[in-house]
>>> print(open('target_20.cif').read())   # mmCIF, C-alpha atoms
data_data
#
loop_
_atom_site.label_atom_id
_atom_site.label_comp_id
_atom_site.auth_asym_id
_atom_site.auth_seq_id
_atom_site.Cartn_x
_atom_site.Cartn_y
_atom_site.Cartn_z
CA MET U 11 0.00 0.00 0.00
CA THR U 12 1.24 3.50 -0.82
CA ARG U 13 2.62 5.30 2.24
CA VAL U 14 2.06 9.05 2.61
CA PHE U 15 3.73 11.45 5.05
CA SER U 16 3.22 15.15 5.64
CA GLY U 17 3.21 17.59 8.51
CA VAL U 18 2.56 21.06 9.88
CA LYS U 19 4.97 23.28 11.79
CA PRO U 20 3.64 24.91 14.98
CA THR U 21 5.15 28.35 14.40
CA GLY U 22 1.82 30.14 14.12
CA HIS U 23 -1.92 29.64 13.97
CA LEU U 24 -2.99 27.47 11.04
CA THR U 25 -4.48 29.36 8.12
CA LEU U 26 -6.87 29.01 5.23
CA GLY U 27 -3.79 28.37 3.10
CA ASN U 28 -2.83 25.37 5.26
CA TYR U 29 -6.38 24.03 5.00
CA LEU U 30 -6.99 24.49 1.27
CA GLY U 31 -3.43 23.73 0.26
CA ALA U 32 -2.96 20.56 2.29
CA MET U 33 -5.16 19.60 5.24
CA ARG U 34 -8.42 19.21 3.35
CA GLN U 35 -6.83 16.88 0.81
CA TRP U 36 -5.25 14.85 3.61
CA ALA U 37 -8.68 14.29 5.13
CA ALA U 38 -10.74 13.85 1.98
CA VAL U 39 -8.29 11.84 -0.13
CA ASP U 40 -4.96 10.78 1.32
CA GLN U 41 -6.03 9.02 4.50
CA HIS U 42 -8.49 6.90 2.51
CA ARG U 43 -6.22 5.86 -0.34
CA ALA U 44 -2.93 5.23 1.48
CA GLU U 45 -1.20 4.32 4.71
CA ALA U 46 -0.94 7.91 5.87
CA LEU U 47 1.05 9.63 8.60
CA PHE U 48 0.49 13.26 9.59
CA CYS U 49 2.90 14.91 11.98
CA ILE U 50 3.14 18.10 14.04
CA VAL U 51 6.80 18.87 13.32
CA ASP U 52 7.56 20.70 16.54
CA LEU U 53 11.35 20.29 16.30
CA HIS U 54 11.27 22.51 13.21
CA ALA U 55 9.72 25.29 15.30
CA LEU U 56 12.97 25.56 17.28
CA THR U 57 14.99 26.85 14.31
CA VAL U 58 13.98 30.46 15.11
CA ASP U 59 13.51 32.49 18.27
CA HIS U 60 10.47 31.10 20.05
CA ASP U 61 8.49 31.10 23.28
CA PRO U 62 8.51 27.52 24.66
CA ALA U 63 5.01 27.82 26.10
CA ARG U 64 3.70 29.10 22.76
CA VAL U 65 5.27 26.19 20.86
CA ARG U 66 3.55 23.73 23.19
CA ARG U 67 0.25 25.57 22.88
CA LEU U 68 0.42 25.79 19.09
CA SER U 69 1.45 22.13 18.82
CA ARG U 70 -1.64 21.06 20.75
CA GLN U 71 -3.81 23.42 18.73
CA ALA U 72 -2.41 22.10 15.45
CA ALA U 73 -3.12 18.51 16.46
CA THR U 74 -6.67 19.44 17.42
CA LEU U 75 -7.22 21.26 14.12
CA LEU U 76 -5.91 18.32 12.10
CA LEU U 77 -8.53 16.15 13.75
CA ALA U 78 -11.17 18.87 13.34
CA ALA U 79 -10.34 19.05 9.62
CA GLY U 80 -11.33 15.40 9.29
CA LEU U 81 -8.26 13.27 9.98
CA ASP U 82 -9.48 10.02 11.51
CA PRO U 83 -7.02 8.16 13.79
CA ARG U 84 -8.73 4.93 12.75
CA LEU U 85 -7.58 5.60 9.17
CA CYS U 86 -4.27 7.42 9.64
CA THR U 87 -1.52 8.10 12.16
CA VAL U 88 -1.44 11.55 13.80
CA PHE U 89 1.51 12.27 16.07
CA VAL U 90 4.07 14.79 17.30
CA GLN U 91 7.57 14.68 15.80
CA SER U 92 9.47 15.04 19.08
CA HIS U 93 7.61 12.03 20.51
CA VAL U 94 9.40 9.74 18.05
CA ASP U 95 13.18 9.70 18.61
CA GLU U 96 13.87 8.16 15.20
CA HIS U 97 13.47 11.55 13.52
CA ALA U 98 16.45 13.04 15.35
CA ARG U 99 18.45 9.78 15.13
CA LEU U 100 18.16 9.67 11.36
CA SER U 101 18.71 13.39 10.88
CA TYR U 102 22.37 13.18 11.95
CA LEU U 103 23.07 10.30 9.58
CA LEU U 104 21.62 12.31 6.70
CA GLU U 105 23.72 15.32 7.69
CA CYS U 106 26.68 13.03 7.04
CA VAL U 107 25.38 12.49 3.50
CA ALA U 108 24.21 16.04 2.66
CA THR U 109 26.56 18.82 1.58
CA ASP U 110 27.00 22.38 2.79
CA GLY U 111 26.21 23.68 -0.69
CA GLU U 112 22.88 21.88 -0.79
CA MET U 113 21.85 23.42 2.51
CA ARG U 114 22.82 26.93 1.54
CA ARG U 115 20.81 26.72 -1.68
CA MET U 116 17.57 26.13 0.22
CA ILE U 117 15.30 29.09 -0.50
CA GLN U 118 13.98 29.62 3.03
CA TYR U 119 17.47 29.63 4.51
CA LYS U 120 18.74 32.09 1.91
CA GLU U 121 15.83 34.48 2.44
CA LYS U 122 15.94 34.42 6.25
CA ALA U 123 19.73 34.61 6.41
CA VAL U 124 19.76 37.72 4.21
CA ARG U 125 17.07 39.40 6.36
CA GLU U 126 19.02 38.71 9.55
CA GLN U 127 22.30 39.91 8.04
CA ARG U 128 20.65 43.21 7.11
CA ARG U 129 19.63 43.58 10.74
CA GLY U 130 23.16 42.86 11.89
CA GLY U 131 22.32 39.43 13.25
CA SER U 132 22.62 35.82 12.20
CA VAL U 133 20.39 32.76 12.01
CA ARG U 134 20.60 29.57 14.03
CA LEU U 135 22.59 26.65 12.68
CA SER U 136 19.42 24.55 12.89
CA LEU U 137 17.82 26.77 10.24
CA LEU U 138 20.59 25.73 7.85
CA THR U 139 20.26 22.03 8.62
CA TYR U 140 16.53 21.65 9.18
CA PRO U 141 15.87 20.50 5.57
CA VAL U 142 17.90 17.41 6.51
CA LEU U 143 15.60 16.85 9.51
CA MET U 144 12.67 17.23 7.12
CA ALA U 145 14.24 14.58 4.90
CA ALA U 146 14.58 12.34 7.97
CA ASP U 147 10.88 12.88 8.75
CA ILE U 148 10.06 11.54 5.30
CA LEU U 149 12.64 8.82 4.82
CA ALA U 150 12.24 7.19 8.25
CA TYR U 151 8.86 5.83 7.15
CA ARG U 152 9.85 4.63 3.67
CA THR U 153 7.42 7.23 2.39
CA ASP U 154 6.20 6.99 -1.20
CA GLU U 155 4.38 10.32 -1.48
CA VAL U 156 4.61 13.68 0.28
CA PRO U 157 1.55 15.89 -0.32
CA VAL U 158 2.83 19.46 0.00
CA GLY U 159 2.27 22.98 -1.23
CA ASP U 160 4.49 24.02 -4.12
CA ASP U 161 6.71 26.10 -1.83
CA GLN U 162 7.87 22.91 -0.10
CA ALA U 163 8.65 20.92 -3.25
CA GLN U 164 12.35 21.85 -3.01
CA HIS U 165 12.61 20.05 0.33
CA VAL U 166 11.09 16.89 -1.10
CA GLU U 167 13.64 17.03 -3.91
CA LEU U 168 16.39 17.16 -1.28
CA SER U 169 14.86 14.09 0.40
CA ARG U 170 14.98 12.29 -2.94
CA ASP U 171 18.61 13.26 -3.52
CA LEU U 172 19.68 12.11 -0.06
CA ALA U 173 17.81 8.83 -0.36
CA VAL U 174 19.41 8.05 -3.70
CA ARG U 175 22.89 9.04 -2.48
CA PHE U 176 22.60 6.97 0.72
CA ASN U 177 21.31 3.95 -1.20
CA GLN U 178 24.15 4.17 -3.71
CA ARG U 179 26.87 4.51 -1.08
CA TYR U 180 25.65 2.17 1.64
CA GLY U 181 23.12 -0.19 0.07
CA HIS U 182 19.41 0.13 -0.54
CA THR U 183 17.82 1.45 2.65
CA PHE U 184 15.31 4.17 1.78
CA THR U 185 12.33 4.49 -0.51
CA VAL U 186 12.77 7.47 -2.85
CA PRO U 187 9.71 9.69 -2.23
CA ARG U 188 7.89 12.01 -4.60
CA ALA U 189 5.94 15.21 -3.99
CA THR U 190 2.25 15.41 -4.87
CA LEU U 191 0.64 18.82 -5.34
CA PRO U 192 -3.04 19.80 -5.06
CA THR U 193 -4.50 20.95 -8.38
CA VAL U 194 -6.43 23.96 -7.04
CA ALA U 195 -5.28 26.44 -4.38
CA ALA U 196 -1.95 24.70 -3.95
CA ARG U 197 -0.61 28.03 -2.74
CA VAL U 198 -3.13 30.47 -1.25
CA MET U 199 -1.71 33.97 -1.28
CA ASN U 200 -1.81 36.76 1.30
CA LEU U 201 -4.93 38.90 0.86
CA GLN U 202 -2.93 42.10 1.37
CA ASP U 203 0.04 40.99 -0.74
CA PRO U 204 -1.05 38.50 -3.40
CA THR U 205 2.55 37.98 -4.47
CA ALA U 206 3.36 36.34 -1.09
CA LYS U 207 1.88 33.14 0.30
CA MET U 208 -0.57 33.17 3.19
CA GLY U 209 1.94 32.00 5.78
CA LYS U 210 1.07 31.23 9.39
CA SER U 211 4.35 32.77 10.60
CA ASP U 212 3.57 36.09 8.91
CA ASP U 213 2.74 39.08 11.09
CA THR U 214 0.45 40.81 8.56
CA GLY U 215 -2.77 39.63 10.16
CA PRO U 216 -5.21 41.48 7.86
CA GLY U 217 -3.96 39.46 4.90
CA ILE U 218 -4.26 36.08 6.62
CA VAL U 219 -7.43 34.12 7.32
CA TYR U 220 -6.84 31.87 10.30
CA LEU U 221 -8.85 28.68 10.70
CA LEU U 222 -10.24 29.85 14.03
CA ASP U 223 -11.12 33.39 12.91
CA ASP U 224 -14.65 34.49 13.77
CA PRO U 225 -16.93 34.57 10.68
CA ASP U 226 -17.24 38.36 10.84
CA VAL U 227 -13.45 38.66 10.97
CA VAL U 228 -13.18 36.40 7.91
CA ARG U 229 -15.67 38.55 6.00
CA LYS U 230 -13.85 41.74 6.90
CA LYS U 231 -10.47 40.39 5.79
CA VAL U 232 -11.79 39.11 2.45
CA MET U 233 -13.75 42.28 1.72
CA ARG U 234 -10.59 44.32 2.31
CA ALA U 235 -8.44 42.10 0.08
CA VAL U 236 -6.13 43.91 -2.33
CA THR U 237 -7.27 43.73 -5.93
CA ASP U 238 -5.77 44.98 -9.18
CA SER U 239 -6.18 47.94 -11.50
CA GLY U 240 -9.04 47.70 -13.97
CA ARG U 241 -12.72 46.93 -13.48
CA ASP U 242 -13.31 43.71 -15.39
CA VAL U 243 -13.11 40.42 -13.53
CA VAL U 244 -10.70 38.08 -15.31
CA TYR U 245 -8.50 35.22 -14.20
CA ASP U 246 -4.87 36.07 -14.93
CA ARG U 247 -2.42 35.13 -12.19
CA ALA U 248 0.51 36.97 -13.76
CA ALA U 249 -1.22 40.25 -14.60
CA ARG U 250 -4.02 40.25 -11.98
CA PRO U 251 -2.68 38.37 -8.92
CA GLY U 252 -5.19 39.86 -6.47
CA LEU U 253 -8.21 38.77 -8.47
CA ALA U 254 -6.63 35.43 -9.28
CA ASN U 255 -6.13 34.74 -5.58
CA LEU U 256 -9.78 35.49 -4.78
CA LEU U 257 -11.00 33.36 -7.68
CA GLU U 258 -8.80 30.44 -6.66
CA ILE U 259 -10.01 30.66 -3.06
CA LEU U 260 -13.63 30.76 -4.26
CA ALA U 261 -13.05 27.78 -6.53
CA ALA U 262 -11.42 25.80 -3.74
CA CYS U 263 -14.20 26.56 -1.24
CA ALA U 264 -17.29 26.46 -3.45
CA GLY U 265 -16.24 24.41 -6.47
CA GLY U 266 -15.67 25.28 -10.11
CA GLU U 267 -12.72 26.55 -12.13
CA PRO U 268 -11.29 30.03 -11.46
CA ALA U 269 -11.44 31.13 -15.11
CA GLU U 270 -15.06 30.02 -15.46
CA LEU U 271 -16.08 31.66 -12.18
CA ALA U 272 -14.62 34.97 -13.34
CA GLY U 273 -17.19 35.13 -16.13
CA GLY U 274 -20.01 35.28 -13.59
CA TYR U 275 -18.93 38.60 -12.06
CA ASP U 276 -18.98 42.17 -13.26
CA SER U 277 -17.63 43.78 -10.08
CA TYR U 278 -14.94 43.17 -7.50
CA GLY U 279 -17.41 43.72 -4.66
CA ALA U 280 -19.68 40.86 -5.67
CA LEU U 281 -16.71 38.51 -6.06
CA LYS U 282 -15.37 39.44 -2.64
CA LYS U 283 -18.76 38.96 -0.99
CA ASP U 284 -19.24 35.49 -2.48
CA THR U 285 -15.67 34.52 -1.67
CA ALA U 286 -16.06 35.64 1.94
CA GLU U 287 -19.25 33.59 2.40
CA ALA U 288 -17.66 30.57 0.73
CA VAL U 289 -14.71 30.74 3.14
CA VAL U 290 -17.00 31.12 6.16
CA GLU U 291 -18.99 28.05 5.12
CA ALA U 292 -15.85 26.02 4.40
CA LEU U 293 -14.47 26.77 7.86
CA ARG U 294 -17.73 26.33 9.77
CA PRO U 295 -17.55 22.54 10.26
CA VAL U 296 -13.86 22.72 11.17
CA GLN U 297 -14.53 25.30 13.85
CA GLU U 298 -17.48 23.37 15.24
CA ARG U 299 -15.47 20.17 15.48
CA HIS U 300 -12.57 22.08 17.04
CA ARG U 301 -14.82 23.36 19.82
CA ALA U 302 -16.02 19.83 20.52
CA LEU U 303 -12.48 18.47 20.67
CA CYS U 304 -11.32 21.24 23.00
CA ALA U 305 -14.05 20.14 25.39
CA ASP U 306 -12.43 16.68 25.49
CA PRO U 307 -8.64 17.28 25.68
CA GLY U 308 -8.02 13.75 26.92
CA TYR U 309 -9.12 12.39 23.56
CA VAL U 310 -6.54 14.46 21.67
CA GLU U 311 -3.78 13.37 24.06
CA GLU U 312 -4.78 9.73 23.56
CA VAL U 313 -4.68 10.11 19.77
CA LEU U 314 -1.17 11.61 19.94
CA ARG U 315 0.08 8.92 22.33
CA ASP U 316 -1.26 6.10 20.18
CA GLY U 317 -0.03 7.80 17.03
CA ALA U 318 3.51 8.10 18.39
CA GLU U 319 3.56 4.41 19.28
CA ARG U 320 2.49 3.41 15.78
CA ALA U 321 4.90 5.85 14.13
CA ARG U 322 7.80 4.60 16.27
CA ALA U 323 7.08 1.01 15.32
CA MET U 324 7.13 1.94 11.62
CA ALA U 325 10.25 4.13 11.74
CA ARG U 326 12.58 2.16 13.99
CA PRO U 327 13.36 -0.75 11.63
CA THR U 328 14.33 1.63 8.82
CA VAL U 329 16.45 3.86 11.05
CA ASP U 330 18.15 0.86 12.65
CA ALA U 331 18.90 -0.46 9.16
CA ALA U 332 20.41 2.92 8.20
CA TYR U 333 22.65 2.87 11.30
CA GLY U 334 23.92 -0.55 10.33
CA ALA U 335 24.37 0.32 6.65
CA ILE U 336 26.45 3.43 7.36
CA GLY U 337 28.87 1.51 9.58
CA LEU U 338 27.66 1.80 13.19
CA LEU U 339 27.67 -1.13 15.59
CA PRO U 340 24.29 -2.57 16.61
CA ASN U 341 22.91 -1.26 19.89
CA ALA U 342 22.43 -4.27 22.15
CA ALA U 343 20.10 -2.24 24.38
CA ARG U 344 17.47 -1.97 21.65
#
>>> encode(input="target_20.cif", output="structure tokens")
Amino acid sequence: MTRVFSGVKPTGHLTLGNYLGAMRQWAAVDQHRAEALFCIVDLHALTVDHDPARVRRLSRQAATLLLAAGLDPRLCTVFVQSHVDEHARLSYLLECVATDGEMRRMIQYKEKAVREQRRGGSVRLSLLTYPVLMAADILAYRTDEVPVGDDQAQHVELSRDLAVRFNQRYGHTFTVPRATLPTVAARVMNLQDPTAKMGKSDDTGPGIVYLLDDPDVVRKKVMRAVTDSGRDVVYDRAARPGLANLLEILAACAGGEPAELAGGYDSYGALKKDTAEAVVEALRPVQERHRALCADPGYVEEVLRDGAERARAMARPTVDAAYGAIGLLPNAAR
């Protein structure tokens, strides 16, 4: 059976972009068609300055929202990365296979490093090496497919490169994974800056719809979305990114194709109103289920505990095999 792995990083509140770009497909498609693992990758949240209490709070919230979005622990494995030691164990081995040049070419590292240098500071070493930890997340489970937004495809390519290189040098150990991308709304853009993705770590709140935003807040944010010059409603991502973003969000929430939906509108206001209501309705069941789960925190803790046990059982044989293949003595204590 095909094995699927993906995860969310608890560095901010989950957004409409997370839901439409990944979480909804995980629940509606991936957990039914494959042996699927979904992880709160909390170790990745430590690569930047952070408040420990906030990381714990956001990790719990992310797990609750994954379940609220429709992930069923009877169909898939939901767990927290730091609860499974094999992620960190494998990461060091892969650092011994990766190169400095590969790490420094990673887009997120390059962008954040430049910003910090301009401020007179520097980034943490873990920010440079975290793509290797991401590769370990994937390769530990002999993953076949990684459903991700298009901004993460580069990291899956690194996982592929490291798997192939390790297999060639030390014998076949890892499955070589491939990225799978949603066909609509793979990358939801910021409502105030449609050239930038709607990221949960972003501080520009008015441009981001969070999954737990009140319906009136959602409506206000969508109605204030930046649009483009001109009055006609057309779908052109290159020339009219603001309109294209709204049309893609509407298509993802209510159905249809962005270009066809554009033909039904003769004003920006009407498009924004319909898009706002479509987003509110798409988020309504998620928010209702989230409230119910928050009333039963013991259930979420049980899901994460059971998920970590299953994930550990799947990952350990592969990681142990990698330790042996690379030249390390067996651990008699295991």
>>> residues_around(input="target_20.cif", residues="region 12-28 of chain U", least_positions_apart="2", cutoff="6 Å", atoms="all atoms listed in the file", output="PyMOL selection string")
chain U and resi 30-32+44-52+55+68-69+153-156+198+208+210-211+219-221
>>> residues_around(input="target_20.cif", residues="Ala150 (chain U)", least_positions_apart="6", cutoff="10 Å", atoms="all atoms listed in the file", output="VMD selection string")
chain U and resid 96 to 97 99 to 101 183 to 185 321 to 322 324 to 330 332
>>> resolve_selection(input="target_20.cif", expression="the PyMOL selection byres ((chain U and resi 287) around 10)", output="compact mmCIF listing (two decimals) with C-alpha atoms, in the coordinates of the input")
# COMPACT_ATOMS: atom_id res chain seq x y z
CA PRO U 225 -16.93 34.57 10.68
CA ASP U 226 -17.24 38.36 10.84
CA VAL U 228 -13.18 36.40 7.91
CA ARG U 229 -15.67 38.55 6.00
CA VAL U 232 -11.79 39.11 2.45
CA LEU U 260 -13.63 30.76 -4.26
CA CYS U 263 -14.20 26.56 -1.24
CA ALA U 264 -17.29 26.46 -3.45
CA LYS U 282 -15.37 39.44 -2.64
CA LYS U 283 -18.76 38.96 -0.99
CA ASP U 284 -19.24 35.49 -2.48
CA THR U 285 -15.67 34.52 -1.67
CA ALA U 286 -16.06 35.64 1.94
CA ALA U 288 -17.66 30.57 0.73
CA VAL U 289 -14.71 30.74 3.14
CA VAL U 290 -17.00 31.12 6.16
CA GLU U 291 -18.99 28.05 5.12
CA ALA U 292 -15.85 26.02 4.40
CA LEU U 293 -14.47 26.77 7.86
>>> resolve_selection(input="target_20.cif", expression="the PyMOL selection byres ((chain U and resi 104-109) around 10)", output="PyMOL selection string")
chain U and resi 99-103+110-114+139-143+145-146+149+168-169+171-173+175-176+179+332+336
>>> atom_distance(input="target_20.cif", atom1="CA of Leu138 (chain U)", atom2="CA of Asp95 (chain U)")
20.7 Å
>>> build_atoms(input="target_20.cif", residues="region 257-270 of chain U", atoms="N, CA, C and O atoms", output="compact mmCIF listing (two decimals), in the frame of the given file")
# COMPACT_ATOMS: atom_id res chain seq x y z
N LEU U 257 -10.32 34.35 -6.85
CA LEU U 257 -11.00 33.36 -7.68
C LEU U 257 -10.56 31.94 -7.34
O LEU U 257 -11.37 31.01 -7.32
N GLU U 258 -9.28 31.76 -7.04
CA GLU U 258 -8.80 30.44 -6.66
C GLU U 258 -9.34 30.01 -5.30
O GLU U 258 -9.67 28.85 -5.09
N ILE U 259 -9.43 30.96 -4.37
CA ILE U 259 -10.01 30.66 -3.06
C ILE U 259 -11.48 30.29 -3.21
O ILE U 259 -11.96 29.31 -2.63
N LEU U 260 -12.22 31.06 -4.02
CA LEU U 260 -13.63 30.76 -4.26
C LEU U 260 -13.79 29.39 -4.89
O LEU U 260 -14.66 28.60 -4.48
N ALA U 261 -12.97 29.08 -5.87
CA ALA U 261 -13.05 27.78 -6.53
C ALA U 261 -12.77 26.65 -5.56
O ALA U 261 -13.45 25.62 -5.58
N ALA U 262 -11.78 26.84 -4.69
CA ALA U 262 -11.42 25.80 -3.74
C ALA U 262 -12.50 25.58 -2.69
O ALA U 262 -12.72 24.46 -2.23
N CYS U 263 -13.18 26.65 -2.30
CA CYS U 263 -14.20 26.56 -1.24
C CYS U 263 -15.57 26.17 -1.76
O CYS U 263 -16.32 25.45 -1.09
N ALA U 264 -15.93 26.65 -2.95
CA ALA U 264 -17.29 26.46 -3.45
C ALA U 264 -17.37 25.57 -4.68
O ALA U 264 -18.47 25.19 -5.10
N GLY U 265 -16.23 25.24 -5.27
CA GLY U 265 -16.24 24.41 -6.47
C GLY U 265 -16.16 25.25 -7.73
O GLY U 265 -16.44 26.45 -7.73
N GLY U 266 -15.78 24.61 -8.83
CA GLY U 266 -15.67 25.28 -10.11
C GLY U 266 -14.22 25.59 -10.46
O GLY U 266 -13.30 25.33 -9.68
N GLU U 267 -14.04 26.16 -11.65
CA GLU U 267 -12.72 26.55 -12.13
C GLU U 267 -12.59 28.07 -12.05
O GLU U 267 -13.54 28.79 -12.39
N PRO U 268 -11.44 28.58 -11.61
CA PRO U 268 -11.29 30.03 -11.46
C PRO U 268 -11.64 30.83 -12.71
O PRO U 268 -12.34 31.85 -12.63
N ALA U 269 -11.18 30.38 -13.87
CA ALA U 269 -11.44 31.13 -15.11
C ALA U 269 -12.93 31.17 -15.43
O ALA U 269 -13.45 32.19 -15.89
N GLU U 270 -13.62 30.06 -15.20
CA GLU U 270 -15.06 30.02 -15.46
C GLU U 270 -15.82 30.88 -14.45
O GLU U 270 -16.79 31.56 -14.81
